[in-house]
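Engineer: Before anything else, here's the structure in question.
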Amino acid sequence: AIGCKGREHRGQGGRQGTKLPKHLREAQISTERTHLISDPAKKPRQRYVQKDGKCNVHHGNVQETYRYLSDLFTTLVDLRWRLSFFIFTLVYVVNWLFFGFLWWLIALIRGDLLHADEEGWTPCVENLNSFVSAFLFSIETETTIGYGYRVITEKCPEGIILLLVQAILGSIVNAMMVGCMFVKISQPKNRAETLMFSHKAVISVRDNKMCLMFRVGDLRNSHIVEASIRAKLIRSQQTKEGEFIPLNQTDINIGFDTGDDRLFLVSPLIISHEINEKSPFWEMSLAQMEKEEFEIVVILEGMVEATGMTCQARSSYLDTEVLWGYRFTPVLSLEKGFYEVDYNNFHDVYETNTPTCSAKELAAKLREGPLLPQLSLLSPEPKMHTFDPLDRLSKGDPLTQDEDKDERDSGGDRGETNGSAAALEEPPLPDGLPD
């Protein structure tokens, strides 16, 4: 018999994170009732992608640095804000000083600095008698302020040529620097701050199939247009030839072939990956997954409705952040005339009966016959039926009698199972209802 057993969860501990503070919720120790895919003895691992979407990769020993200058605009946009402000100010000041020096040099060569006070002398620029005045004239020329005190005369052809050059180069500098600041301010990655990913991913059964799930949501009323989502499994592996591939990336199918990866993200959605033959988790059971070290990177892409720019939001889940035997708490409710989303429950999960075997073993057991006839969620052909405890007790339901006999044989310990599929003794409670 295949060792595919379900775990029973009862009591009021079904919802995680409702009554406990955040620091206590995250520090829960794995028990038989609250089993996280984690080991308290494990050392914290380095993330490949941070929770906020930043890639934790640094490029070192880059010798061909000239490649950054070949795409100068992108380089300026990617700089930190303090460096951007510094370069923005430095470029303008250097530009003004350079042309101010040229105006001063023309005045010096023509002798305007020595004969400016002589009557009948026509200077190149009126009232330009020092380097400071030349610097101010350079600022007035490039910014088109035009105070009217300093003005170029028509008897200075070299000054007219310099004026044309400064006007053209000044326009180029303005276009470059103002464009960089505009793009930097309107970068769509700021839009990603209002796209949410659940703190944890969960594994449970959906329609008789093991599924890996996580939740995404959008806090804004302006939607992401043509939103799509994809996922990658980051895990080091060794080939049959002995080659070690660090941080190998494997695609996780979350609906690419069916179109489910394209989202209408008006309210929070639960993204589901069916663990089938093509899934990297196909042969992973609960015990095997506890020993694995991996990271799941999820990427949400789309266009910002207000600007039309492409936006990308990222997050990741370590192996310690995957909960086996849980589902997400519903957050959508119907109010009078509208639907309301309760983001207080966005990250909340609750326990559910889930086999501890791999998806491969579960599929094989389902092909042989019903895994748990009394559990409709694990039946190969789900049947709708009502459950009346009083009716079962009054009629002497043989299923209840078998359960009582099993309880007497096991000494009343209902928290453990013997490894067979029939060890679960009660049907699961409907999702969201108390015991």
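All residue names refer to the structure tokens as shown: chains lettered A, B, ... in order, residues numbered from 1 in each chain, ligands numbered from 1 in order.
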Could you write out, as a short mmCIF file (atom, residue, chain, number, x, y, z; two decimals) with N, CA, C and O atoms, in the first residue's frame, all the residues of range 12-200 of chain A that DSSP marks as alpha helix (DSSP H)?
Structural biologist:
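Listed below is the output, part-v7.cif:
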```
data_model
loop_
_atom_site.label_atom_id
_atom_site.label_comp_id
_atom_site.auth_asym_id
_atom_site.auth_seq_id
_atom_site.Cartn_x
_atom_site.Cartn_y
_atom_site.Cartn_z
N LYS A 22 2.28 39.38 15.12
CA LYS A 22 3.02 38.96 13.92
C LYS A 22 4.30 38.23 14.29
O LYS A 22 4.64 37.20 13.71
N HIS A 23 5.05 38.76 15.28
CA HIS A 23 6.33 38.13 15.61
C HIS A 23 6.15 36.75 16.22
O HIS A 23 7.01 35.88 16.10
N LEU A 24 4.98 36.53 16.88
CA LEU A 24 4.72 35.20 17.43
C LEU A 24 4.23 34.24 16.36
O LEU A 24 4.52 33.06 16.38
N ARG A 25 3.46 34.77 15.39
CA ARG A 25 2.98 33.91 14.31
C ARG A 25 4.14 33.36 13.50
O ARG A 25 4.17 32.20 13.13
N GLU A 26 5.13 34.20 13.19
CA GLU A 26 6.22 33.76 12.35
C GLU A 26 7.20 32.86 13.09
O GLU A 26 8.00 32.19 12.50
N TYR A 66 33.14 50.44 -20.31
CA TYR A 66 32.75 51.37 -21.36
C TYR A 66 31.37 51.05 -21.90
O TYR A 66 30.72 51.91 -22.52
N ARG A 67 30.89 49.84 -21.67
CA ARG A 67 29.56 49.48 -22.15
C ARG A 67 28.47 50.30 -21.46
O ARG A 67 27.41 50.54 -22.04
N TYR A 68 28.73 50.72 -20.22
CA TYR A 68 27.76 51.55 -19.53
C TYR A 68 27.64 52.92 -20.18
O TYR A 68 26.56 53.52 -20.21
N LEU A 69 28.74 53.45 -20.70
CA LEU A 69 28.72 54.76 -21.35
C LEU A 69 28.06 54.70 -22.71
O LEU A 69 27.58 55.73 -23.22
N SER A 70 28.05 53.53 -23.33
CA SER A 70 27.39 53.42 -24.63
C SER A 70 25.88 53.57 -24.51
O SER A 70 25.21 53.95 -25.47
N LEU A 72 24.25 55.77 -22.16
CA LEU A 72 24.40 56.77 -21.10
C LEU A 72 23.06 57.12 -20.46
O LEU A 72 22.98 57.32 -19.25
N PHE A 73 22.02 57.21 -21.28
CA PHE A 73 20.72 57.61 -20.73
C PHE A 73 20.23 56.60 -19.69
O PHE A 73 19.80 56.98 -18.60
N THR A 74 20.29 55.30 -20.01
CA THR A 74 19.86 54.27 -19.06
C THR A 74 20.74 54.27 -17.82
O THR A 74 20.27 54.06 -16.70
N THR A 75 22.04 54.52 -18.02
CA THR A 75 22.95 54.58 -16.87
C THR A 75 22.56 55.70 -15.92
O THR A 75 22.57 55.53 -14.70
N LEU A 76 22.21 56.86 -16.48
CA LEU A 76 21.80 57.99 -15.63
C LEU A 76 20.48 57.70 -14.93
O LEU A 76 20.30 58.06 -13.76
N VAL A 77 19.57 57.03 -15.60
CA VAL A 77 18.27 56.73 -14.99
C VAL A 77 18.43 55.71 -13.86
O VAL A 77 17.74 55.79 -12.84
N ASP A 78 19.35 54.76 -13.99
CA ASP A 78 19.53 53.71 -13.00
C ASP A 78 20.29 54.17 -11.76
O ASP A 78 20.38 53.40 -10.79
N TRP A 81 19.15 58.26 -6.32
CA TRP A 81 18.62 59.62 -6.37
C TRP A 81 19.67 60.65 -5.98
O TRP A 81 19.75 61.72 -6.60
N ARG A 82 20.46 60.39 -4.98
CA ARG A 82 21.45 61.39 -4.55
C ARG A 82 22.49 61.62 -5.64
O ARG A 82 22.94 62.75 -5.85
N LEU A 83 22.88 60.55 -6.33
CA LEU A 83 23.81 60.72 -7.44
C LEU A 83 23.14 61.43 -8.62
O LEU A 83 23.79 62.23 -9.32
N SER A 84 21.87 61.16 -8.84
CA SER A 84 21.16 61.83 -9.92
C SER A 84 21.07 63.33 -9.68
O SER A 84 21.31 64.14 -10.60
N PHE A 85 20.74 63.74 -8.46
CA PHE A 85 20.70 65.16 -8.14
C PHE A 85 22.07 65.81 -8.27
O PHE A 85 22.20 66.94 -8.77
N PHE A 86 23.09 65.11 -7.83
CA PHE A 86 24.45 65.65 -7.92
C PHE A 86 24.87 65.84 -9.38
O PHE A 86 25.39 66.90 -9.75
N ILE A 87 24.63 64.83 -10.21
CA ILE A 87 25.00 64.93 -11.61
C ILE A 87 24.14 65.99 -12.32
O ILE A 87 24.63 66.75 -13.17
N PHE A 88 22.87 66.06 -11.98
CA PHE A 88 21.98 67.06 -12.57
C PHE A 88 22.52 68.47 -12.30
O PHE A 88 22.61 69.31 -13.22
N THR A 89 22.87 68.74 -11.05
CA THR A 89 23.40 70.06 -10.70
C THR A 89 24.77 70.29 -11.32
O THR A 89 25.06 71.38 -11.84
N LEU A 90 25.61 69.27 -11.29
CA LEU A 90 26.98 69.42 -11.79
C LEU A 90 26.99 69.71 -13.29
O LEU A 90 27.75 70.57 -13.76
N VAL A 91 26.15 69.03 -14.05
CA VAL A 91 26.12 69.24 -15.51
C VAL A 91 25.75 70.67 -15.85
O VAL A 91 26.39 71.33 -16.69
N TYR A 92 24.73 71.21 -15.19
CA TYR A 92 24.31 72.58 -15.49
C TYR A 92 25.37 73.60 -15.07
O TYR A 92 25.67 74.56 -15.80
N VAL A 93 25.94 73.42 -13.87
CA VAL A 93 26.94 74.38 -13.39
C VAL A 93 28.17 74.36 -14.29
O VAL A 93 28.71 75.42 -14.66
N VAL A 94 28.65 73.18 -14.66
CA VAL A 94 29.81 73.09 -15.53
C VAL A 94 29.51 73.71 -16.90
O VAL A 94 30.35 74.42 -17.48
N ASN A 95 28.33 73.48 -17.40
CA ASN A 95 27.94 74.05 -18.69
C ASN A 95 27.92 75.57 -18.64
O ASN A 95 28.43 76.26 -19.55
N TRP A 96 27.35 76.13 -17.60
CA TRP A 96 27.31 77.59 -17.46
C TRP A 96 28.71 78.17 -17.28
O TRP A 96 29.03 79.23 -17.85
N LEU A 97 29.53 77.49 -16.48
CA LEU A 97 30.90 77.97 -16.27
C LEU A 97 31.71 77.92 -17.56
O LEU A 97 32.49 78.83 -17.86
N PHE A 98 31.52 76.87 -18.34
CA PHE A 98 32.28 76.73 -19.58
C PHE A 98 31.95 77.85 -20.56
O PHE A 98 32.84 78.51 -21.10
N PHE A 99 30.68 78.09 -20.80
CA PHE A 99 30.31 79.15 -21.74
C PHE A 99 30.56 80.53 -21.14
O PHE A 99 30.84 81.49 -21.88
N GLY A 100 30.47 80.65 -19.82
CA GLY A 100 30.85 81.91 -19.20
C GLY A 100 32.32 82.22 -19.41
O GLY A 100 32.70 83.39 -19.64
N PHE A 101 33.14 81.20 -19.33
CA PHE A 101 34.57 81.39 -19.61
C PHE A 101 34.79 81.81 -21.06
O PHE A 101 35.64 82.69 -21.36
N LEU A 102 34.07 81.23 -22.01
CA LEU A 102 34.21 81.61 -23.42
C LEU A 102 33.78 83.06 -23.64
O LEU A 102 34.43 83.81 -24.40
N TRP A 103 32.70 83.50 -23.01
CA TRP A 103 32.29 84.89 -23.15
C TRP A 103 33.34 85.83 -22.55
O TRP A 103 33.64 86.90 -23.10
N TRP A 104 33.88 85.44 -21.42
CA TRP A 104 34.93 86.26 -20.80
C TRP A 104 36.17 86.30 -21.68
O TRP A 104 36.83 87.34 -21.80
N LEU A 105 36.51 85.14 -22.32
CA LEU A 105 37.68 85.08 -23.17
C LEU A 105 37.52 85.97 -24.40
O LEU A 105 38.47 86.66 -24.82
N ILE A 106 36.32 86.00 -24.99
CA ILE A 106 36.08 86.87 -26.14
C ILE A 106 36.23 88.33 -25.73
O ILE A 106 36.85 89.15 -26.44
N ALA A 107 35.67 88.67 -24.57
CA ALA A 107 35.80 90.06 -24.09
C ALA A 107 37.25 90.41 -23.82
O ALA A 107 37.70 91.55 -24.07
N LEU A 108 38.03 89.47 -23.32
CA LEU A 108 39.44 89.74 -23.04
C LEU A 108 40.23 89.92 -24.32
O LEU A 108 41.08 90.83 -24.42
N ILE A 109 39.99 89.06 -25.31
CA ILE A 109 40.73 89.16 -26.57
C ILE A 109 40.37 90.44 -27.32
O ILE A 109 41.24 91.12 -27.91
N ARG A 110 39.12 90.81 -27.30
CA ARG A 110 38.70 92.03 -27.99
C ARG A 110 39.11 93.29 -27.24
O ARG A 110 39.08 94.39 -27.80
N ASP A 112 37.56 94.34 -24.46
CA ASP A 112 36.39 94.96 -23.85
C ASP A 112 36.59 95.19 -22.36
O ASP A 112 36.00 96.12 -21.79
N LEU A 113 37.39 94.36 -21.72
CA LEU A 113 37.60 94.52 -20.28
C LEU A 113 38.42 95.77 -19.96
O LEU A 113 38.27 96.34 -18.87
N LEU A 114 39.28 96.21 -20.92
CA LEU A 114 40.12 97.39 -20.68
C LEU A 114 39.47 98.67 -21.17
O LEU A 114 39.65 99.74 -20.56
N HIS A 115 38.69 98.59 -22.24
CA HIS A 115 38.12 99.80 -22.86
C HIS A 115 36.62 99.88 -22.67
O HIS A 115 35.95 100.62 -23.41
N PHE A 131 34.67 88.28 -15.03
CA PHE A 131 34.29 86.89 -15.23
C PHE A 131 32.93 86.60 -14.60
O PHE A 131 32.14 85.81 -15.13
N VAL A 132 32.63 87.26 -13.47
CA VAL A 132 31.34 87.05 -12.82
C VAL A 132 30.21 87.52 -13.72
O VAL A 132 29.18 86.84 -13.88
N SER A 133 30.38 88.67 -14.33
CA SER A 133 29.35 89.16 -15.24
C SER A 133 29.23 88.26 -16.46
O SER A 133 28.12 88.06 -16.99
N ALA A 134 30.35 87.67 -16.94
CA ALA A 134 30.29 86.73 -18.06
C ALA A 134 29.55 85.45 -17.66
O ALA A 134 28.78 84.88 -18.44
N PHE A 135 29.77 85.01 -16.42
CA PHE A 135 29.06 83.82 -15.93
C PHE A 135 27.55 84.08 -15.82
O PHE A 135 26.73 83.23 -16.21
N LEU A 136 27.16 85.24 -15.33
CA LEU A 136 25.74 85.59 -15.25
C LEU A 136 25.12 85.70 -16.65
O LEU A 136 23.97 85.28 -16.85
N PHE A 137 25.89 86.25 -17.61
CA PHE A 137 25.36 86.35 -18.97
C PHE A 137 25.17 84.97 -19.59
O PHE A 137 24.23 84.74 -20.34
N SER A 138 26.07 84.02 -19.23
CA SER A 138 25.93 82.66 -19.72
C SER A 138 24.65 82.01 -19.19
O SER A 138 23.93 81.33 -19.93
N ILE A 139 24.35 82.24 -17.90
CA ILE A 139 23.12 81.69 -17.32
C ILE A 139 21.89 82.31 -17.98
O ILE A 139 20.93 81.61 -18.32
N GLU A 140 21.91 83.64 -18.18
CA GLU A 140 20.77 84.31 -18.79
C GLU A 140 20.54 83.82 -20.22
O GLU A 140 19.40 83.66 -20.66
N THR A 141 21.63 83.56 -20.94
CA THR A 141 21.51 83.11 -22.32
C THR A 141 20.92 81.71 -22.41
O THR A 141 20.01 81.44 -23.19
N GLU A 142 21.41 80.79 -21.58
CA GLU A 142 20.99 79.39 -21.68
C GLU A 142 19.60 79.17 -21.11
O GLU A 142 18.86 78.32 -21.59
N THR A 143 19.25 79.92 -20.08
CA THR A 143 17.93 79.76 -19.47
C THR A 143 16.90 80.73 -20.05
O THR A 143 15.74 80.71 -19.61
N PRO A 157 30.74 89.19 -34.52
CA PRO A 157 30.35 87.93 -35.18
C PRO A 157 30.74 86.69 -34.38
O PRO A 157 30.01 85.70 -34.36
N GLU A 158 31.90 86.75 -33.70
CA GLU A 158 32.29 85.58 -32.89
C GLU A 158 31.33 85.36 -31.73
O GLU A 158 31.06 84.22 -31.31
N GLY A 159 30.78 86.45 -31.19
CA GLY A 159 29.80 86.34 -30.13
C GLY A 159 28.49 85.75 -30.62
O GLY A 159 27.82 84.98 -29.91
N ILE A 160 28.09 86.14 -31.87
CA ILE A 160 26.86 85.60 -32.44
C ILE A 160 26.99 84.09 -32.65
O ILE A 160 26.05 83.32 -32.37
N ILE A 161 28.16 83.66 -33.15
CA ILE A 161 28.38 82.22 -33.35
C ILE A 161 28.34 81.48 -32.02
O ILE A 161 27.72 80.41 -31.89
N LEU A 162 28.99 82.05 -30.99
CA LEU A 162 28.98 81.41 -29.67
C LEU A 162 27.58 81.35 -29.10
O LEU A 162 27.20 80.38 -28.43
N LEU A 163 26.78 82.39 -29.37
CA LEU A 163 25.39 82.39 -28.90
C LEU A 163 24.60 81.25 -29.51
O LEU A 163 23.83 80.56 -28.83
N LEU A 164 24.79 81.01 -30.82
CA LEU A 164 24.10 79.92 -31.48
C LEU A 164 24.53 78.56 -30.92
O LEU A 164 23.70 77.68 -30.67
N VAL A 165 25.83 78.40 -30.72
CA VAL A 165 26.34 77.13 -30.19
C VAL A 165 25.79 76.87 -28.79
O VAL A 165 25.36 75.75 -28.46
N GLN A 166 25.79 77.90 -27.95
CA GLN A 166 25.29 77.71 -26.59
C GLN A 166 23.80 77.41 -26.58
O GLN A 166 23.32 76.60 -25.76
N ALA A 167 23.04 78.03 -27.45
CA ALA A 167 21.60 77.78 -27.51
C ALA A 167 21.31 76.34 -27.91
O ALA A 167 20.43 75.67 -27.33
N ILE A 168 22.08 75.83 -28.90
CA ILE A 168 21.85 74.46 -29.36
C ILE A 168 22.30 73.44 -28.31
O ILE A 168 21.55 72.52 -27.96
N LEU A 169 23.52 73.61 -27.80
CA LEU A 169 24.01 72.67 -26.79
C LEU A 169 23.20 72.75 -25.50
O LEU A 169 22.98 71.74 -24.83
N GLY A 170 22.75 73.94 -25.15
CA GLY A 170 21.91 74.09 -23.97
C GLY A 170 20.59 73.35 -24.10
O GLY A 170 20.10 72.74 -23.13
N SER A 171 20.00 73.36 -25.30
CA SER A 171 18.76 72.60 -25.53
C SER A 171 19.00 71.10 -25.40
O SER A 171 18.16 70.38 -24.85
N ILE A 172 20.15 70.63 -25.89
CA ILE A 172 20.47 69.21 -25.77
C ILE A 172 20.65 68.81 -24.32
O ILE A 172 20.15 67.77 -23.86
N VAL A 173 21.35 69.66 -23.56
CA VAL A 173 21.56 69.37 -22.14
C VAL A 173 20.23 69.36 -21.40
O VAL A 173 19.96 68.48 -20.56
N ASN A 174 19.36 70.32 -21.70
CA ASN A 174 18.05 70.35 -21.05
C ASN A 174 17.23 69.10 -21.36
O ASN A 174 16.60 68.52 -20.48
N ALA A 175 17.25 68.71 -22.64
CA ALA A 175 16.49 67.52 -23.03
C ALA A 175 17.01 66.28 -22.32
O ALA A 175 16.22 65.44 -21.84
N MET A 176 18.33 66.16 -22.22
CA MET A 176 18.92 64.98 -21.58
C MET A 176 18.61 64.94 -20.09
O MET A 176 18.11 63.93 -19.56
N MET A 177 18.88 66.03 -19.39
CA MET A 177 18.75 66.01 -17.94
C MET A 177 17.28 66.02 -17.50
O MET A 177 16.90 65.27 -16.59
N VAL A 178 16.46 66.85 -18.13
CA VAL A 178 15.04 66.86 -17.77
C VAL A 178 14.39 65.53 -18.13
O VAL A 178 13.54 65.00 -17.39
N GLY A 179 14.79 64.93 -19.26
CA GLY A 179 14.26 63.62 -19.63
C GLY A 179 14.63 62.55 -18.62
O GLY A 179 13.80 61.71 -18.26
N CYS A 180 15.88 62.58 -18.14
CA CYS A 180 16.32 61.60 -17.14
C CYS A 180 15.51 61.74 -15.85
O CYS A 180 15.06 60.74 -15.28
N MET A 181 15.32 62.97 -15.41
CA MET A 181 14.58 63.17 -14.17
C MET A 181 13.12 62.78 -14.33
O MET A 181 12.51 62.20 -13.43
N PHE A 182 12.53 63.07 -15.50
CA PHE A 182 11.12 62.72 -15.72
C PHE A 182 10.94 61.20 -15.73
O PHE A 182 10.01 60.67 -15.10
N VAL A 183 11.83 60.51 -16.45
CA VAL A 183 11.73 59.04 -16.50
C VAL A 183 11.96 58.44 -15.14
O VAL A 183 11.29 57.48 -14.73
N LYS A 184 12.90 59.00 -14.40
CA LYS A 184 13.21 58.45 -13.07
C LYS A 184 12.03 58.64 -12.11
O LYS A 184 11.72 57.76 -11.31
N ILE A 185 11.36 59.80 -12.21
CA ILE A 185 10.22 60.05 -11.34
C ILE A 185 9.05 59.15 -11.69
O ILE A 185 8.34 58.63 -10.82
#
```
Engineer: Out of range 65-210 of chain A, which residues get strand (DSSP E or B) from DSSP, as a PDB file with N, CA and C atoms, in the first residue's frame?
Structural biologist:
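Result went into out-v2.pdb, see below:
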```
ATOM      1  N   VAL A 125      29.684  92.327 -25.759  1.00  0.00           N
ATOM      2  CA  VAL A 125      28.531  92.224 -24.869  1.00  0.00           C
ATOM      3  C   VAL A 125      28.545  93.434 -23.966  1.00  0.00           C
ATOM      4  N   ILE A 152      24.149  91.223 -26.280  1.00  0.00           N
ATOM      5  CA  ILE A 152      25.172  91.113 -27.309  1.00  0.00           C
ATOM      6  C   ILE A 152      24.912  92.153 -28.394  1.00  0.00           C
ATOM      7  N   LEU A 195       1.299  46.537  -5.553  1.00  0.00           N
ATOM      8  CA  LEU A 195       0.968  45.163  -5.918  1.00  0.00           C
ATOM      9  C   LEU A 195       1.444  44.244  -4.796  1.00  0.00           C
ATOM     10  N   MET A 196       0.571  43.421  -4.271  1.00  0.00           N
ATOM     11  CA  MET A 196       0.868  42.614  -3.090  1.00  0.00           C
ATOM     12  C   MET A 196       0.978  41.145  -3.444  1.00  0.00           C
ATOM     13  N   PHE A 197       1.896  40.481  -2.755  1.00  0.00           N
ATOM     14  CA  PHE A 197       2.021  39.028  -2.797  1.00  0.00           C
ATOM     15  C   PHE A 197       1.850  38.504  -1.375  1.00  0.00           C
ATOM     16  N   ALA A 201       3.373  30.739   0.645  1.00  0.00           N
ATOM     17  CA  ALA A 201       2.732  29.898  -0.368  1.00  0.00           C
ATOM     18  C   ALA A 201       2.228  28.639   0.329  1.00  0.00           C
ATOM     19  N   VAL A 202       1.204  28.017  -0.226  1.00  0.00           N
ATOM     20  CA  VAL A 202       0.590  26.858   0.421  1.00  0.00           C
ATOM     21  C   VAL A 202       0.498  25.706  -0.573  1.00  0.00           C
ATOM     22  N   ILE A 203       0.409  24.500  -0.032  1.00  0.00           N
ATOM     23  CA  ILE A 203       0.188  23.285  -0.820  1.00  0.00           C
ATOM     24  C   ILE A 203      -0.996  22.550  -0.221  1.00  0.00           C
ATOM     25  N   SER A 204      -1.990  22.270  -1.045  1.00  0.00           N
ATOM     26  CA  SER A 204      -3.155  21.506  -0.611  1.00  0.00           C
ATOM     27  C   SER A 204      -3.807  20.880  -1.839  1.00  0.00           C
ATOM     28  N   VAL A 205      -4.922  20.194  -1.628  1.00  0.00           N
ATOM     29  CA  VAL A 205      -5.591  19.464  -2.697  1.00  0.00           C
ATOM     30  C   VAL A 205      -6.712  20.319  -3.275  1.00  0.00           C
ATOM     31  N   ARG A 206      -6.752  20.392  -4.600  1.00  0.00           N
ATOM     32  CA  ARG A 206      -7.842  21.047  -5.327  1.00  0.00           C
ATOM     33  C   ARG A 206      -8.327  20.090  -6.415  1.00  0.00           C
ATOM     34  N   LYS A 209      -6.308  17.024  -6.958  1.00  0.00           N
ATOM     35  CA  LYS A 209      -4.942  17.226  -7.438  1.00  0.00           C
ATOM     36  C   LYS A 209      -4.190  18.132  -6.466  1.00  0.00           C
ATOM     37  N   MET A 210      -2.952  17.765  -6.220  1.00  0.00           N
ATOM     38  CA  MET A 210      -2.113  18.586  -5.362  1.00  0.00           C
ATOM     39  C   MET A 210      -1.762  19.876  -6.106  1.00  0.00           C
TER      40      MET A 210
END
```
Engineer: So which residues touch range 289-303 of chain A within 6 Å, counting only C-alpha atoms, skipping near sequence neighbours fewer than 6 positions away, as number ranges by chain?
Structural biologist: A: 37, 224-235, 309-319
Engineer: Have a look at CA of Thr352 in chain A and CA of Gly325 in chain A and let me know their distance in Å, one decimal.
Structural biologist: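 Taking CA of Thr352 in chain A as the start and CA of Gly325 in chain A as the end point, the length is 5.4 Å.
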Engineer: Compile the contact shell of range 336-347 of chain A as a ChimeraX atom specification: residues with an atom at most 9 Å away, counting only C-alpha atoms, same-chain residues fewer than 6 positions apart removed.
Structural biologist: /A:17-18,197-200,215-217,267-268,328-330
